[in-house]
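As provided, model-v2.txt (compact mmCIF, C-alpha atoms) reads as follows.
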```txt
# COMPACT_ATOMS: atom_id res chain seq x y z
CA MET A 1 0.00 0.00 0.00
CA SER A 2 1.21 3.43 -0.81
CA ARG A 3 1.50 5.41 2.32
CA LYS A 4 0.61 9.03 2.15
CA PRO A 5 2.70 11.52 4.07
CA PRO A 6 1.92 11.50 7.79
CA ARG A 7 -1.56 12.67 8.51
CA GLY A 8 -1.84 16.05 10.04
CA GLU A 9 -4.08 17.03 12.86
CA TYR A 10 -6.41 18.86 10.51
CA ILE A 11 -8.13 18.06 7.27
CA GLU A 12 -7.67 21.01 4.95
CA THR A 13 -10.25 21.34 2.21
CA ASP A 14 -9.91 23.04 -1.16
CA THR A 15 -11.84 26.04 0.08
CA GLY A 16 -9.42 26.46 2.96
CA ASN A 17 -11.45 25.00 5.77
CA LYS A 18 -9.37 23.40 8.47
CA VAL A 19 -11.35 20.71 10.23
CA ALA A 20 -9.72 18.82 13.09
CA ARG A 21 -9.85 15.06 12.74
CA LYS A 22 -11.14 14.85 16.27
CA ALA A 23 -14.11 17.10 15.63
CA THR A 24 -17.56 15.50 15.71
CA LEU A 25 -19.68 16.66 12.83
CA VAL A 26 -23.05 14.93 12.73
CA GLY A 27 -25.04 15.18 9.51
CA THR A 28 -22.21 16.64 7.43
CA GLN A 29 -24.40 16.96 4.36
CA ASN A 30 -26.44 19.65 6.12
CA ILE A 31 -23.48 21.72 7.31
CA MET A 32 -22.32 24.53 5.03
CA LEU A 33 -18.86 25.94 5.54
CA GLY A 34 -18.13 29.17 3.72
CA GLY A 35 -14.41 28.52 3.50
CA LYS A 36 -11.32 29.40 5.57
CA THR A 37 -13.12 28.23 8.66
CA VAL A 38 -11.23 26.52 11.47
CA ILE A 39 -12.93 23.74 13.42
CA GLN A 40 -10.80 22.54 16.32
CA GLN A 41 -10.78 19.25 18.19
CA GLU A 42 -13.83 18.07 20.09
CA VAL A 43 -16.09 20.57 18.41
CA MET A 44 -19.56 19.19 17.85
CA ILE A 45 -21.90 20.44 15.13
CA ARG A 46 -25.37 18.95 14.89
CA GLY A 47 -26.20 19.00 11.21
CA ASP A 48 -28.70 16.20 11.58
CA LEU A 49 -31.26 18.42 13.26
CA ILE A 50 -32.82 19.83 10.12
CA ARG A 51 -35.99 21.79 9.61
CA SER A 52 -38.92 19.44 9.63
CA LEU A 53 -41.40 21.95 8.24
CA PRO A 54 -41.07 23.17 4.67
CA SER A 55 -39.95 26.78 4.77
CA SER A 56 -42.70 29.19 3.84
CA SER A 57 -40.47 31.68 2.07
CA SER A 58 -39.13 29.34 -0.62
CA SER A 59 -42.47 28.62 -2.18
CA GLY A 60 -41.28 28.99 -5.76
CA GLY A 61 -40.00 25.61 -6.87
CA GLY A 62 -36.50 24.34 -6.34
CA PRO A 63 -35.44 21.69 -3.90
CA PRO A 64 -35.96 22.58 -0.25
CA SER A 65 -32.73 23.53 1.41
CA ASN A 66 -31.86 21.20 4.20
CA THR A 67 -29.09 23.30 5.64
CA ALA A 68 -29.05 22.97 9.39
CA VAL A 69 -25.90 24.95 10.15
CA ALA A 70 -24.46 27.59 7.80
CA ILE A 71 -21.09 29.10 8.63
CA GLY A 72 -19.44 31.99 6.79
CA ARG A 73 -15.77 32.65 6.06
CA TYR A 74 -12.95 32.96 8.56
CA CYS A 75 -14.91 31.57 11.45
CA PHE A 76 -13.02 29.99 14.31
CA LEU A 77 -14.64 27.29 16.43
CA SER A 78 -12.47 26.63 19.47
CA ARG A 79 -11.96 23.32 21.14
CA GLY A 80 -14.98 21.75 22.80
CA CYS A 81 -17.64 24.11 21.54
CA CYS A 82 -20.99 22.88 20.29
CA LEU A 83 -23.21 24.32 17.57
CA LYS A 84 -26.78 23.13 17.57
CA PRO A 85 -29.76 24.41 15.59
CA PRO A 86 -32.55 25.81 17.76
CA GLY A 87 -35.87 24.02 17.88
CA ARG A 88 -39.37 24.98 18.95
CA LEU A 89 -43.03 24.34 18.39
CA TYR A 90 -44.28 26.19 15.34
CA LYS A 91 -47.94 25.92 14.31
CA GLY A 92 -48.32 22.90 16.55
CA VAL A 93 -45.38 21.03 15.06
CA PHE A 94 -41.94 20.82 16.58
CA THR A 95 -39.28 21.94 14.15
CA TYR A 96 -35.64 22.84 14.19
CA MET A 97 -34.59 26.04 12.46
CA PRO A 98 -31.26 26.61 10.72
CA LEU A 99 -28.40 28.23 12.61
CA ARG A 100 -26.77 30.89 10.46
CA MET A 101 -23.41 32.38 11.21
CA GLY A 102 -21.72 35.23 9.35
CA ASP A 103 -18.02 35.81 8.69
CA HIS A 104 -15.23 36.28 11.21
CA VAL A 105 -17.12 34.70 14.08
CA PHE A 106 -15.00 33.45 16.96
CA VAL A 107 -16.52 30.87 19.30
CA GLY A 108 -14.63 30.20 22.54
CA GLN A 109 -13.88 26.92 24.27
CA ASN A 110 -16.74 24.79 25.62
CA THR A 111 -19.34 27.26 24.42
CA VAL A 112 -22.77 26.00 23.41
CA VAL A 113 -24.48 27.99 20.65
CA GLN A 114 -28.14 27.49 19.82
CA ALA A 115 -28.71 30.88 18.23
CA ALA A 116 -30.90 31.43 15.19
CA GLN A 117 -28.58 33.97 13.65
CA ILE A 118 -25.14 35.32 14.34
CA GLY A 119 -23.89 38.28 12.32
CA SER A 120 -20.37 38.96 11.13
CA HIS A 121 -17.40 39.94 13.29
CA VAL A 122 -18.79 38.45 16.46
CA ASN A 123 -16.58 37.32 19.31
CA ILE A 124 -18.12 34.79 21.68
CA GLY A 125 -16.00 33.94 24.71
CA ALA A 126 -15.36 30.66 26.48
CA GLN A 127 -17.97 28.79 28.57
CA VAL A 128 -20.77 30.86 27.07
CA VAL A 129 -24.27 29.55 26.49
CA VAL A 130 -26.17 31.21 23.68
CA GLY A 131 -29.81 30.30 24.13
CA GLU A 132 -32.22 29.11 21.53
CA PHE A 133 -33.32 31.58 18.85
CA ALA A 134 -31.03 34.34 20.05
CA ILE A 135 -30.11 36.79 17.31
CA ILE A 136 -26.69 38.38 17.47
CA LYS A 137 -25.99 41.26 15.12
CA ASP A 138 -22.61 42.35 13.73
CA PHE A 139 -19.60 43.46 15.80
CA VAL A 140 -20.75 42.01 19.10
CA ARG A 141 -18.46 40.81 21.85
CA ILE A 142 -19.80 38.28 24.38
CA LEU A 143 -17.55 37.89 27.40
CA ASP A 144 -16.55 34.58 28.99
CA GLY A 145 -19.12 32.71 31.05
CA SER A 146 -22.14 34.67 29.83
CA VAL A 147 -25.53 33.05 29.47
CA VAL A 148 -27.44 34.66 26.63
CA PRO A 149 -31.11 33.90 27.26
CA ALA A 150 -33.32 32.36 24.63
CA ASN A 151 -34.83 34.74 22.06
CA MET A 152 -32.52 37.62 23.04
CA VAL A 153 -31.62 40.06 20.28
CA ILE A 154 -28.22 41.67 20.73
CA PRO A 155 -27.77 44.89 18.74
CA SER A 156 -24.64 45.70 16.79
CA PHE A 157 -21.51 47.02 18.52
CA SER A 158 -22.59 45.72 21.94
CA ILE A 159 -20.47 44.17 24.63
CA VAL A 160 -22.49 41.61 26.54
CA ALA A 161 -21.84 39.76 29.79
CA GLY A 162 -23.50 38.19 32.82
CA GLN A 163 -25.95 35.48 33.75
CA PRO A 164 -28.39 36.29 32.21
CA ALA A 165 -26.44 38.34 29.69
CA LYS A 166 -27.02 42.07 29.49
CA VAL A 167 -25.51 44.75 27.31
CA ILE A 168 -22.77 46.26 29.46
CA GLY A 169 -21.02 48.46 26.96
CA GLU A 170 -20.23 49.39 23.43
CA VAL A 171 -17.41 48.37 21.16
CA PRO A 172 -15.19 51.45 21.05
CA GLU A 173 -14.53 53.41 17.89
CA GLY A 174 -11.55 51.92 16.11
CA GLY A 175 -11.85 48.64 17.98
CA HIS A 176 -13.23 46.85 14.97
CA ASP A 177 -9.92 45.42 13.76
CA ALA A 178 -9.84 43.17 16.83
CA PHE A 179 -12.61 41.08 15.29
CA GLU A 180 -10.49 40.16 12.24
CA LEU A 181 -9.70 36.46 12.31
CA ARG A 182 -7.45 36.16 9.26
CA ASP A 183 -4.27 35.99 11.32
CA LEU A 184 -5.78 33.50 13.71
CA TYR A 185 -6.75 31.34 10.75
CA LYS A 186 -3.16 31.22 9.58
CA SER A 187 -1.84 30.30 13.01
CA VAL A 188 -3.52 26.89 13.12
CA GLY A 189 -3.57 23.91 10.82
CA ASN A 190 -1.03 21.40 9.67
CA ASN A 191 1.54 24.06 8.76
CA PRO A 192 0.82 26.76 11.28
CA GLN A 193 2.45 30.10 10.73
CA PRO A 194 3.36 32.25 13.67
CA ALA A 195 1.13 35.23 14.12
CA PRO A 196 2.80 38.41 12.92
CA SER A 197 3.70 40.54 15.86
CA MET B 198 -14.84 -3.62 14.61
CA ALA B 199 -12.74 -3.80 11.48
CA ALA B 200 -15.64 -3.07 9.22
CA PRO B 201 -14.84 -2.85 5.53
CA SER B 202 -15.02 0.78 4.60
CA SER B 203 -18.39 1.15 3.02
CA SER B 204 -17.88 4.86 2.64
CA SER B 205 -14.39 5.16 1.33
CA LYS B 206 -13.97 8.83 2.15
CA ARG B 207 -13.59 10.79 5.32
CA HIS B 208 -13.29 8.23 8.01
CA SER B 209 -11.91 10.75 10.27
CA ILE B 210 -14.88 13.05 10.49
CA LEU B 211 -16.52 10.90 13.13
CA PRO B 212 -13.75 9.59 15.33
CA ALA B 213 -14.21 6.21 16.87
CA VAL B 214 -16.09 6.33 20.11
CA SER B 215 -13.86 5.26 22.94
CA GLN B 216 -15.68 2.28 24.35
CA ALA B 217 -13.58 1.84 27.45
CA GLY B 218 -14.52 -0.70 30.05
CA PRO B 219 -17.13 -3.40 30.00
CA LYS B 220 -20.42 -3.22 28.15
CA PRO B 221 -23.14 -2.74 30.72
CA PRO B 222 -26.20 -4.97 30.80
CA ILE B 223 -29.16 -3.05 29.44
CA GLN B 224 -32.91 -3.03 29.68
CA PHE B 225 -34.17 -1.10 26.69
CA SER B 226 -37.70 -0.36 25.72
CA SER B 227 -38.38 -1.17 22.08
CA SER B 228 -39.61 2.34 21.36
CA LEU B 229 -36.58 4.33 22.46
CA VAL B 230 -34.18 6.21 20.21
CA ILE B 231 -30.52 5.87 21.01
CA ALA B 232 -27.87 7.26 18.72
CA ASP B 233 -25.11 5.06 17.47
CA SER B 234 -22.40 7.17 19.06
CA ALA B 235 -23.88 7.29 22.54
CA ILE B 236 -21.49 5.85 25.09
CA LEU B 237 -22.66 3.32 27.65
CA THR B 238 -20.14 1.98 30.15
CA GLY B 239 -20.04 0.38 33.56
CA PRO B 240 -20.87 -2.93 35.21
CA HIS B 241 -24.44 -2.22 36.32
CA THR B 242 -27.71 -2.29 34.44
CA ILE B 243 -28.83 0.71 32.43
CA THR B 244 -32.59 0.89 32.05
CA ILE B 245 -34.17 3.21 29.52
CA ARG B 246 -37.93 3.25 29.28
CA SER B 247 -40.23 3.91 26.36
CA GLU B 248 -39.89 6.78 23.89
CA SER B 249 -36.81 8.32 25.46
CA VAL B 250 -34.17 9.84 23.20
CA ILE B 251 -30.43 9.59 23.76
CA HIS B 252 -28.49 11.97 21.52
CA PRO B 253 -25.09 11.18 20.00
CA ARG B 254 -22.12 11.30 22.35
CA ALA B 255 -24.16 11.20 25.52
CA ARG B 256 -22.27 9.19 28.10
CA LEU B 257 -24.10 6.96 30.56
CA GLU B 258 -21.81 5.43 33.12
CA SER B 259 -23.11 2.84 35.57
CA THR B 260 -19.94 2.43 37.63
CA ALA B 261 -21.64 3.68 40.78
CA GLY B 262 -24.81 1.64 40.30
CA ARG B 263 -27.84 1.29 38.09
CA ILE B 264 -29.00 4.03 35.81
CA ASN B 265 -32.74 4.35 35.31
CA ILE B 266 -34.15 6.68 32.70
CA GLY B 267 -37.90 7.15 32.60
CA ARG B 268 -40.36 7.62 29.78
CA ARG B 269 -40.02 10.35 27.17
CA CYS B 270 -36.77 11.73 28.46
CA ILE B 271 -34.38 13.59 26.18
CA VAL B 272 -30.70 13.25 27.00
CA HIS B 273 -28.70 15.65 24.87
CA GLU B 274 -25.19 15.29 23.51
CA ARG B 275 -22.11 15.45 25.71
CA THR B 276 -23.97 14.80 28.90
CA HIS B 277 -22.27 12.62 31.45
CA ILE B 278 -24.72 10.72 33.61
CA GLY B 279 -23.46 8.61 36.46
CA LEU B 280 -20.06 10.23 36.80
CA VAL B 281 -18.26 8.86 39.84
CA PRO B 282 -17.74 11.77 42.21
CA SER B 283 -14.10 12.59 42.74
CA SER B 284 -14.35 12.82 46.51
CA SER B 285 -16.49 10.17 48.14
CA SER B 286 -19.26 12.25 49.66
CA SER B 287 -20.50 10.89 52.94
CA SER B 288 -23.31 13.40 52.97
CA SER B 289 -25.22 11.41 50.40
CA ARG B 290 -25.55 8.55 52.86
CA ASN B 291 -28.05 10.55 54.88
CA GLY B 292 -31.70 10.30 54.07
CA LYS B 293 -31.27 6.92 52.49
CA SER B 294 -34.47 5.50 53.83
CA SER B 295 -36.58 8.08 52.07
CA LEU B 296 -34.78 7.37 48.82
CA VAL B 297 -35.40 3.66 49.07
CA SER B 298 -39.10 4.16 49.02
CA LYS B 299 -38.88 6.46 46.02
CA GLY B 300 -36.56 4.34 43.97
CA SER B 301 -37.88 0.95 44.87
CA GLY B 302 -40.33 0.84 42.01
CA LEU B 303 -37.50 0.62 39.54
CA GLY B 304 -34.69 -0.72 41.59
CA VAL B 305 -35.63 -3.96 43.21
CA LEU B 306 -36.26 -6.01 40.10
CA GLY B 307 -33.68 -8.71 39.50
CA GLU B 308 -30.02 -8.94 40.39
CA ALA B 309 -30.43 -11.44 43.22
CA GLY B 310 -27.20 -13.24 42.51
CA GLU B 311 -24.98 -10.21 42.75
CA ALA B 312 -22.73 -10.63 45.75
CA PRO B 313 -22.47 -7.39 47.70
CA VAL B 314 -25.78 -5.70 47.00
CA SER B 315 -25.43 -2.24 48.40
CA PRO B 316 -28.56 -0.12 48.56
CA SER B 317 -27.14 2.27 46.01
CA VAL B 318 -27.03 -0.52 43.46
CA LEU B 319 -30.64 -1.42 44.03
CA ILE B 320 -31.94 2.12 43.96
CA GLY B 321 -29.79 3.13 41.09
CA ALA B 322 -26.94 5.56 40.98
CA VAL B 323 -28.96 7.93 38.87
CA THR B 324 -32.71 7.88 38.38
CA LEU B 325 -34.45 10.19 35.93
CA GLY B 326 -38.24 10.42 36.10
CA ASP B 327 -40.49 10.83 33.09
CA TYR B 328 -40.33 13.78 30.69
CA VAL B 329 -36.90 14.87 31.92
CA THR B 330 -34.73 16.95 29.60
CA VAL B 331 -31.00 16.83 30.20
CA GLU B 332 -29.36 19.52 28.11
CA VAL B 333 -25.95 19.69 26.43
CA ALA B 334 -22.84 19.12 28.56
CA VAL B 335 -24.64 18.43 31.81
CA THR B 336 -22.86 16.35 34.45
CA ILE B 337 -24.91 14.23 36.84
CA GLU B 338 -22.88 12.45 39.48
CA GLY B 339 -23.82 8.92 40.43
CA GLY B 340 -24.85 7.81 43.92
CA GLU B 341 -28.58 7.80 44.57
CA THR B 342 -29.11 10.89 42.51
CA LEU B 343 -32.75 11.43 41.71
CA ILE B 344 -34.31 13.79 39.20
CA GLY B 345 -38.06 14.14 39.27
CA ASP B 346 -40.58 14.10 36.42
CA GLY B 347 -40.64 16.96 33.96
CA THR B 348 -37.47 18.61 35.15
CA ILE B 349 -35.30 20.51 32.69
CA VAL B 350 -31.59 20.52 33.45
CA GLY B 351 -30.01 23.45 31.60
CA VAL B 352 -26.84 23.51 29.51
CA GLY B 353 -23.66 22.79 31.42
CA SER B 354 -25.27 22.27 34.82
CA LYS B 355 -23.76 20.04 37.46
CA ILE B 356 -25.75 17.86 39.83
CA GLY B 357 -23.87 16.37 42.75
CA ALA B 358 -24.06 12.81 44.01
CA GLY B 359 -27.07 12.01 46.14
CA ALA B 360 -28.95 15.16 45.21
CA THR B 361 -32.71 14.92 44.86
CA VAL B 362 -34.24 17.32 42.38
CA GLY B 363 -38.01 17.48 42.63
CA LYS B 364 -40.62 17.30 39.92
CA HIS B 365 -41.03 19.94 37.22
CA CYS B 366 -37.98 21.94 38.25
CA THR B 367 -36.07 24.16 35.86
CA LEU B 368 -32.31 24.51 36.15
CA THR B 369 -30.96 27.37 34.07
CA PRO B 370 -27.62 26.99 32.24
CA HIS B 371 -24.55 26.51 34.44
CA SER B 372 -26.55 25.79 37.58
CA VAL B 373 -24.91 23.77 40.32
CA VAL B 374 -26.76 21.46 42.71
CA ALA B 375 -24.58 20.41 45.65
CA PRO B 376 -24.18 16.74 46.58
CA GLY B 377 -26.98 15.50 48.81
CA GLU B 378 -29.11 18.60 48.29
CA VAL B 379 -32.89 18.20 48.17
CA ILE B 380 -34.73 20.53 45.81
CA PRO B 381 -38.52 20.74 46.25
CA ASP B 382 -40.93 20.37 43.33
CA PHE B 383 -41.51 23.30 40.96
CA THR B 384 -38.27 25.07 41.82
CA VAL B 385 -36.44 27.30 39.34
CA ILE B 386 -32.72 27.48 39.99
CA TYR B 387 -30.64 30.24 38.47
CA SER B 388 -26.95 29.95 37.83
CA ASN B 389 -26.22 32.76 40.29
CA GLY B 390 -27.81 30.68 43.06
CA ALA B 391 -31.18 32.45 43.20
CA ARG B 392 -34.25 30.27 43.44
CA ARG B 393 -37.97 30.73 43.10
CA LYS B 394 -41.13 28.70 42.72
CA ASP B 395 -42.57 28.00 39.30
CA ARG B 396 -46.25 28.92 39.52
CA ARG B 397 -47.04 29.00 35.82
CA GLY B 398 -48.82 25.67 35.78
CA VAL B 399 -47.58 24.69 32.34
CA VAL B 400 -46.81 21.05 33.11
CA ASP B 401 -49.25 19.61 30.58
CA LEU B 402 -48.14 21.98 27.82
CA ARG B 403 -44.54 21.21 28.49
CA ASN B 404 -45.15 17.48 28.38
CA LYS B 405 -47.02 17.84 25.11
CA GLY B 406 -44.15 19.85 23.65
CA GLN B 407 -41.70 17.21 24.77
CA ALA B 408 -43.77 14.51 23.06
CA ARG B 409 -43.79 16.52 19.82
CA GLN B 410 -40.07 17.06 20.01
CA ILE B 411 -39.50 13.34 20.48
CA GLU B 412 -41.65 12.61 17.42
CA VAL B 413 -39.33 14.78 15.33
CA LEU B 414 -36.12 13.48 16.88
CA ARG B 415 -37.28 9.95 16.22
CA ARG B 416 -37.11 10.68 12.50
CA MET B 417 -33.79 12.53 12.66
CA ILE B 418 -31.61 10.44 14.90
CA PRO B 419 -30.82 7.03 13.49
CA SER B 420 -31.42 4.65 16.36
CA ASN B 421 -29.23 1.65 16.91
CA PRO B 422 -30.15 -0.09 20.15
CA ALA B 423 -28.75 -3.37 18.85
CA LYS B 424 -25.23 -2.02 19.17
CA PHE B 425 -25.49 -1.90 22.93
CA GLN B 426 -26.85 -5.42 23.42
```
Using the file provided, produce a representation of the structure as structure tokens.
Amino acid sequence: MSRKPPRGEYIETDTGNKVARKATLVGTQNIMLGGKTVIQQEVMIRGDLIRSLPSSSSSGGGPPSNTAVAIGRYCFLSRGCCLKPPGRLYKGVFTYMPLRMGDHVFVGQNTVVQAAQIGSHVNIGAQVVVGEFAIIKDFVRILDGSVVPANMVIPSFSIVAGQPAKVIGEVPEGGHDAFELRDLYKSVGNNPQPAPS
Amino acid sequence: MAAPSSSSKRHSILPAVSQAGPKPPIQFSSSLVIADSAILTGPHTITIRSESVIHPRARLESTAGRINIGRRCIVHERTHIGLVPSSSSSSSRNGKSSLVSKGSGLGVLGEAGEAPVSPSVLIGAVTLGDYVTVEVAVTIEGGETLIGDGTIVGVGSKIGAGATVGKHCTLTPHSVVAPGEVIPDFTVIYSNGARRKDRRGVVDLRNKGQARQIEVLRRMIPSNPAKFQ
């Protein structure tokens, strides 16, 4: 048998996703990765929990989209975090709804995310719980250990913390570059490059 | 299992479940849903009653004694039920007589030939009532731990050994219940330690919702109870 070069810790796809071999992705066919996304070890993504009701908006033909989890570009899912689509009773039927995540979203270690929507440039700390059907807009920072209650809507440029989470401040002017995850993306993988100082 | 690779690609995406230790004896209802990658370990019997759902990667460990899961429970992924407490808590030994009466309905059946039958084995290390939801990454320590009907245990909560959580309680995310603690029925526990009574009276609605959710999960989670036999 021809042996390939030693297997790295990550699987790197053509679109630049880096998925750890020890990540648990359930229902991979329903998980959309936008590219350049890092998924570290022991991350769990539940793609098997798909919408069980046909979506009302896509009435005009075409196959129904079964996406359970959609992730944008340059997202970073830290070790041990869990992404799970939110579910609820809708018109008397229980259904899961897709979890949509924008670009440059950082998810900290051991965080559980059951949001309906997460915008772009969002930083979620470690040990955070994002409740079901929460909506997080762009440029939001959620500090470590927060518990975002179900159905909470977090406006743009907020800093959020506490149990239950409350808006405690605003992202300062000029602090937007801190949400860029391009350098972080380069610093992991099979050939990690040191972060430029 | 050296199964011939039916799907040639991407073996690595679902790493092999570490099945350490002996396979526990099981008593499964025929109508339950248990994911292939759930982890069952330990020497004692694990009983799961009808229409309960065990998500992938849930870990049920019967090292400390039997595990009894009632009807229509949902055990989410990454939960660890029956964890052996790190420090042997003597506090859980108190109030044993009251627990015997509660757990006896499930516990006393069978196991006559087992040599040192301690009460904790008969009662069960962990007993979940009916309609219990155990959310993601919850840890429930083993040792006569009891969780009443209709209780929701929030994400990342910890329940100590010998704790008794009453019926229809709600534990918010990251709640901690100390070992040996007794929580009355209809209590809401917040992660900052605050508590209050739940007076909404939504038990029936909640149970109905749980049944609907199980109907949907039944279609989504491929069940493989044969693997654990």
- Message: At a cut-off of 10 Å, which residues of chain B touch chain A? Count only C-alpha atoms and give the answer as a VMD selection string.
- Response: chain B and resid 207 to 213 253 to 254 274 to 275 333 to 334 351 to 353 369 to 371 387 to 389 406 to 414 416 to 419
- Task: Do a neighbour search on Ala360 (chain B) at 7 Å with all atoms listed in the file, toss out local chain neighbours closer than 2 positions, and write the hits as an MDAnalysis selection string.
- Result: chainID B and resid 342:343 356:358 362 375:379
- Item | CA of Thr37 (chain A) to CA of Ser78 (chain A), straight-line distance in Å | 10.9 Å
- Skipping near chain neighbours, those fewer than 3 positions away, what residues fall within 12 Å of Pro282 (chain B) using only C-alpha atoms, listed as an NGL selection string? :B and (258 or 260-261 or 277-279 or 285-287 or 289 or 322 or 336-342 or 355-359 or 375-377)
- Task: Take CA of Glu248 (chain B) and CA of Ile344 (chain B) and report the distance between them in Å, one decimal.
- Result: 17.7 Å
- Message: Just to confirm, what's the straight-line distance from CA of Lys91 (chain A) to CA of Ile271 (chain B) in Å (one decimal)?
- Response: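 Pair CA of Lys91 (chain A) / CA of Ile271 (chain B) returns 21.8 Å.
Counting all atoms listed in the file, the residue from A:Ile159, A:Asp14, A:Ile142, A:Val113 that sits nearest to Gly125 (chain A) is A:Ile142.
In terms of minimum interatomic distance to Phe76 (chain A), A:Arg182 ranks closest within A:Lys166, A:Arg182, A:Arg141, A:Arg100, counting all atoms listed in the file.
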- Item | Surrounding residues of region 227-230 of chain B excluding itself and chain neighbours under 2 positions, 6 Å, all atoms listed in the file, as a list of chain:residue names |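 The neighbour list is B:Ser247, B:Glu248, B:Ser249, B:Val250, B:Ser420.
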Output the selection as an mmCIF file, keeping the file's coordinate frame - C-alpha atoms for each residue.
```cif
data_model
loop_
_atom_site.group_PDB
_atom_site.id
_atom_site.type_symbol
_atom_site.label_atom_id
_atom_site.label_comp_id
_atom_site.auth_asym_id
_atom_site.auth_seq_id
_atom_site.Cartn_x
_atom_site.Cartn_y
_atom_site.Cartn_z
ATOM 1 C CA SER B 247 -40.230 3.910 26.360
ATOM 2 C CA GLU B 248 -39.890 6.780 23.890
ATOM 3 C CA SER B 249 -36.810 8.320 25.460
ATOM 4 C CA VAL B 250 -34.170 9.840 23.200
ATOM 5 C CA SER B 420 -31.420 4.650 16.360
#
```
- Task: Might you pull out every residue within 7 Å of Ile31 (chain A), with all atoms listed in the file counted and same-chain residues fewer than 5 positions away left off, and present them as an MDAnalysis selection string?
- Result: chainID A and resid 47 67:70
